[in-house]
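Below is one structure; the comments refer to it alone.
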Amino acid sequence: MQLRHVSTNLRQGLRRNASMHLAVVLTLFVSLSLAGIGLMMSKQAELTVDVIGSELQIQVVLCLPDDPQNASCTSEVTEEQKSAIATAIDDNPEVADFTFETKAESLEKLKALLGPEQFEGPDPVFTVEDAPQAVRITLKDPNDFDGTVDAVANLDGVSYITLAKDEVKPIFTLIDVLQYSSWGAAAALLLASILLVANTIRLTALARRKEIEIMRLVGASRIFIALPFLLEALVTALLGVALAVGAVAAFTQFALIGGLSEVVRALPFIGWAEWAETSLVLVVVAPILTVVPTLLLTRKYLRL
Amino acid sequence: MIRFEKVTKSYAGPDKPALNQVTINVDKGEFVFLVGASGSGKSTALRLLLREMRPTTGRVYVAGKEINRLATWKVPRLRRQIGTVFQDFRLLQNKNVSENVAFALQVIGRSGRDIKRTVPETLELVGLSDKANRMPEELSGGEQQRVAIARAMVNHPMILIADEPTGNLDPATSVGIMKLLDRINATGTTVLMATHDHGVVDQMRKRVIELDHGRVVRDEATGVYGFQH
């Protein structure tokens with residue numbers, strides 16, 4: 001009987017404020033979709049950093065035998081040369097950290113960037129022998145790199161130097177713009193959703209004030225009085241989440257997997273695993289965002 | 001059953017307290033009229049009894065328990081022991097007679113079987129068995145008040161609080177309601193009724209407590225509405 005009473009009230013509440021609930025669902029849908037896309041973008045940024053390095057990085061590519069990039073390189077870089085390079089980097093105050101990359105690691109990075117096709121088969125374009133060793137230097141400040149470049153540029157065994165700053169800055173700028181604009185819009189819309197939830201609950205409480213008063217007088221517990229309101233908020237939240245999860249899935253499929261990753265072959269793109277993680281966050285966050293203001297408001301309107 | 005011990009209730013503002021050092025003792029099974037002009041403190045006393053608010057000073061006891069010290073989550077349990085009836089009936093217009101009475105049991109989690117058994121019994125007590133399926137708007141004022149009394153009594157409370165229950169009724173109908181309240185009282189339920197209705201008080205000859213500006217000015221075992229000279 002209790003369950004029937006709660007479900008009847010829930011149905012009535014949803015029907016009575018159908019237009020308000022629809023507004024909440026749509027606002028939540030748009031805001032959570034944007035928040036989801038923002039989350040996906042931050043994951044994309046992490047993946048991009050992992051593969052191509054952050055703008056704080058300098059890549060010192062070391063000599064290969066008959067190096068096509070540097071004619072003065074005649075043989076593979078030697079251990080003595082590497083030791084001298086390490087000392088020069090280590091002594092430089094601009095450097096935060098540095099690691100050596102083996103030929104195999106270098107090949108893996110190339111594979112990730114260019115796709116595996118050119119590295120496989122009986123006559124691959126690239127083999128491990130073609131992959132240069134490198135030093136990845138992380139700077140303290142992306143703008144302070146002159147000293148490091150000067151210190152290592154003319155050392156024996158160095159083929160050439162790439163500044164990640166120049167190569168990755170446009171990519172990170174794009175990702176940052178997408179990420180922060182999604183989050184900014186999502187924050188404003190989430191605030192709107194919370195206010196809409198608050199207004200809806202206020203309207204429902206007003207419409208049911210006589211019923212609530214009788215419930216209080218005959219000794220209904222606070223949770224029993226508040227339950228239909230909480231469930232109303234939860235139902236709208238779940239509808240909003242379902243739509244947002246669908247929208248982020250569409251973004252993953254059409255913008256990333258079937259879109260950008262087809263066009264920009266040089267960059268790795270996130271996929272369904274990141275979508276699943278993002279969806280999980282949305283499923284947890286959205287009910288909190290609607291149920292918490294409902295709880296706070298029902299405390300005020302449904303006090304014993 | 002009910003005890004007010006030096007209870008003072010002040011509201012915010014410069015006004016005098018709504019209740020001022022009030023001490024009242026009502027035994028189990030008593031029928032008590034609470035009389036006094038508007039603003040004398042009757043409604044404040046009833047609201048304190050329902051723990052809708054706490055006294056500024058003093059103590060309120062129901063069935064031996066000091067209710068102003070009751071934890072908030074225990075308040076519903078207190079209210080299940082007190083039935084309440086109001087001048088304006090407060091029926092839900094979208095529910096029929098039977099559903100209005102059943103509502104009081106549904107919202108405290110009683111089983112469907114229990115409700116099906118108890119509601120007809122209570123409607124019989126108030127003389128509305130034949131009107132179980134009527135909507136409130138189809139009933140007279142007296143019948144609506146009977147539904148409200150049925151709703152208040154369906155959970156068999158120890159105390160029935162009635163705030164001006166005859167205030168919207170004609171004298172003849174009021175007599176019927178008072179007979180019903182008397183019958184409920186005869187089954188052992190303590191009845192505390194706030195009223196302005198001289199006729200009802202004078203006719204019943206029950207205990208009368210008069211409040212004036214928040215103070216008890218009269219407490220007579222078998223009183224009338226005004227002072228007896």
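Chain lettering (A, B, ...) mirrors the order of the structure tokens, residue numbering begins at 1 for each chain separately, and ligand numbering begins at 1 in order of display.
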(message) Env of region 253-256 of chain A: 9 Å cut, atoms = only C-alpha atoms, seq-sep filter 3 positions within chain, self excluded. Answer as a count of residues only.
(response) 11
(request) Could you list, as an MDAnalysis selection string, the residues of chain B having an atom within 8 Å of chain A when counting only C-alpha atoms? (result) chainID B and resid 50 52 72:73 75:80 82:84 90 92 104 106:112 152
(message) Please list as an MDAnalysis selection string every residue within 12 Å of Glu210 (chain B), counting only C-alpha atoms and excluding residues in the same chain fewer than 6 positions away.
(response) chainID B and resid 22 24 32:38 40:42 45 193:196 201 216:221 223:227
(message) What does the structure give for the distance between CA of Gly38 (chain A) and CA of Val24 (chain A), in Å to one decimal?
(response)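 So the two atoms, CA of Gly38 (chain A) and CA of Val24 (chain A), lie 20.6 Å apart.
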(request) From a DSSP pass on the backbone, collect the residues of region 58-197 of chain B flagged as alpha helix (DSSP H) and hand them back as a PyMOL selection string. (result) chain B and resi 75-79+97-106+112-125+141-153+171-186
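Once Leu234 (chain A) and its same-chain neighbours fewer than 2 positions away are set aside, Leu230, Leu231, Glu232, Thr236, Ala237, Leu238, Pro287, Thr290 and Val291 of chain A remain within 7 Å of it when counting only C-alpha atoms.
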Wanna dump the region 48-138 of chain B-region 167-171 of chain B contacts at 10 Å for me, each residue with its shortest atom pair and the distance in Å to one decimal, counting only C-alpha atoms, ordered by chain and number, as a tab-separated table?
```
residue	atom	partner	partner_atom	distance
B:Phe86	CA	B:Gly167	CA	8.9
B:Gln87	CA	B:Gly167	CA	5.5
B:Asp88	CA	B:Asn168	CA	7.1
B:Phe89	CA	B:Asn168	CA	9.2
```
Include C-alpha atoms and write out the residues we just selected as an mmCIF file, in the first residue's frame.
```
data_model
loop_
_atom_site.group_PDB
_atom_site.id
_atom_site.type_symbol
_atom_site.label_atom_id
_atom_site.label_comp_id
_atom_site.auth_asym_id
_atom_site.auth_seq_id
_atom_site.Cartn_x
_atom_site.Cartn_y
_atom_site.Cartn_z
ATOM 1 C CA PHE B 86 -10.378 21.601 12.345
ATOM 2 C CA GLN B 87 -13.109 24.119 11.664
ATOM 3 C CA ASP B 88 -12.493 23.932 7.888
ATOM 4 C CA PHE B 89 -12.546 20.072 7.759
#
```
Distance query Ala247 (chain A) at most 10 Å, only C-alpha atoms, self and fewer than 6 positions along chain excluded, as a tab-separated table (two decimals) with N, CA and C atoms, in the first residue's frame:
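What follows is the written file selection.tsv:
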```
chain	number	residue	atom	x	y	z
A	29	PHE	N	19.81	17.55	-19.95
A	29	PHE	CA	20.33	16.85	-21.13
A	29	PHE	C	21.43	17.68	-21.78
A	30	VAL	N	21.15	18.97	-22.04
A	30	VAL	CA	22.13	19.81	-22.73
A	30	VAL	C	23.35	20.03	-21.82
A	32	LEU	N	24.46	18.30	-19.21
A	32	LEU	CA	25.26	17.09	-18.96
A	32	LEU	C	25.99	16.66	-20.23
A	33	SER	N	25.36	16.87	-21.38
A	33	SER	CA	26.05	16.53	-22.64
A	33	SER	C	27.32	17.38	-22.77
A	34	LEU	N	27.17	18.69	-22.49
A	34	LEU	CA	28.34	19.57	-22.58
A	34	LEU	C	29.39	19.20	-21.55
A	36	GLY	N	29.81	16.27	-20.32
A	36	GLY	CA	30.38	15.01	-20.81
A	36	GLY	C	31.41	15.26	-21.89
A	37	ILE	N	31.11	16.16	-22.82
A	37	ILE	CA	32.05	16.47	-23.91
A	37	ILE	C	33.31	17.13	-23.32
A	241	VAL	N	20.10	12.20	-17.83
A	241	VAL	CA	21.34	11.43	-17.96
A	241	VAL	C	21.28	10.53	-19.19
A	253	GLN	N	30.99	8.60	-31.54
A	253	GLN	CA	30.93	7.87	-32.80
A	253	GLN	C	31.15	8.80	-34.01
```
(request) Mind checking which residues fall within 12 Å of Leu178 (chain A), counting only C-alpha atoms, ignoring those fewer than 2 positions away in the same chain, and posting them as a ChimeraX atom specification? (result) /A:34-42,44-45,171-176,180-186
(request) Skip Leu22 (chain A) itself and residues of its chain fewer than 3 positions away, then list as a list in words all residues within 12 Å of it, counting only C-alpha atoms. (result) Leu14, Arg15, Arg16, Asn17, Ala18, Ser19, Val25, Leu26, Thr27, Leu28, Phe29, Ser193, Leu196, Val197, Thr200, Glu232, Ala233, Val235, Thr236, Ala237, Leu239 and Gly240 of chain A
Residues from the last selection, C-alpha atoms, saved as a compact mmCIF listing (two decimals), in the first residue's frame:
```txt
# COMPACT_ATOMS: atom_id res chain seq x y z
CA LEU A 14 5.18 14.14 -12.92
CA ARG A 15 1.90 14.68 -14.76
CA ARG A 16 0.95 17.84 -12.84
CA ASN A 17 4.24 19.58 -13.62
CA ALA A 18 4.90 17.91 -16.95
CA SER A 19 6.10 21.08 -18.69
CA VAL A 25 15.07 17.12 -18.50
CA LEU A 26 16.06 19.20 -21.52
CA THR A 27 18.30 21.55 -19.53
CA LEU A 28 19.93 18.62 -17.79
CA PHE A 29 20.33 16.85 -21.13
CA SER A 193 18.88 22.92 -14.00
CA LEU A 196 14.53 24.63 -12.34
CA VAL A 197 14.48 21.60 -10.06
CA THR A 200 9.49 22.50 -9.80
CA GLU A 232 10.32 13.02 -9.08
CA ALA A 233 13.75 14.68 -9.04
CA VAL A 235 13.26 10.37 -12.53
CA THR A 236 13.93 13.70 -14.28
CA ALA A 237 17.65 13.36 -13.53
CA LEU A 239 15.94 10.92 -18.12
CA GLY A 240 18.40 13.81 -18.52
```
(request) Report the residues of region 31-81 of chain A whose backbone DSSP state falls under strand (DSSP E), written as a PyMOL selection string. (result) chain A and resi 57-62
(message) Rounded to one decimal, what separation in Å do you get between CA of Leu289 (chain A) and CA of Ala187 (chain A)?
(response)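 That distance, rounded to one decimal, is 11.5 Å.
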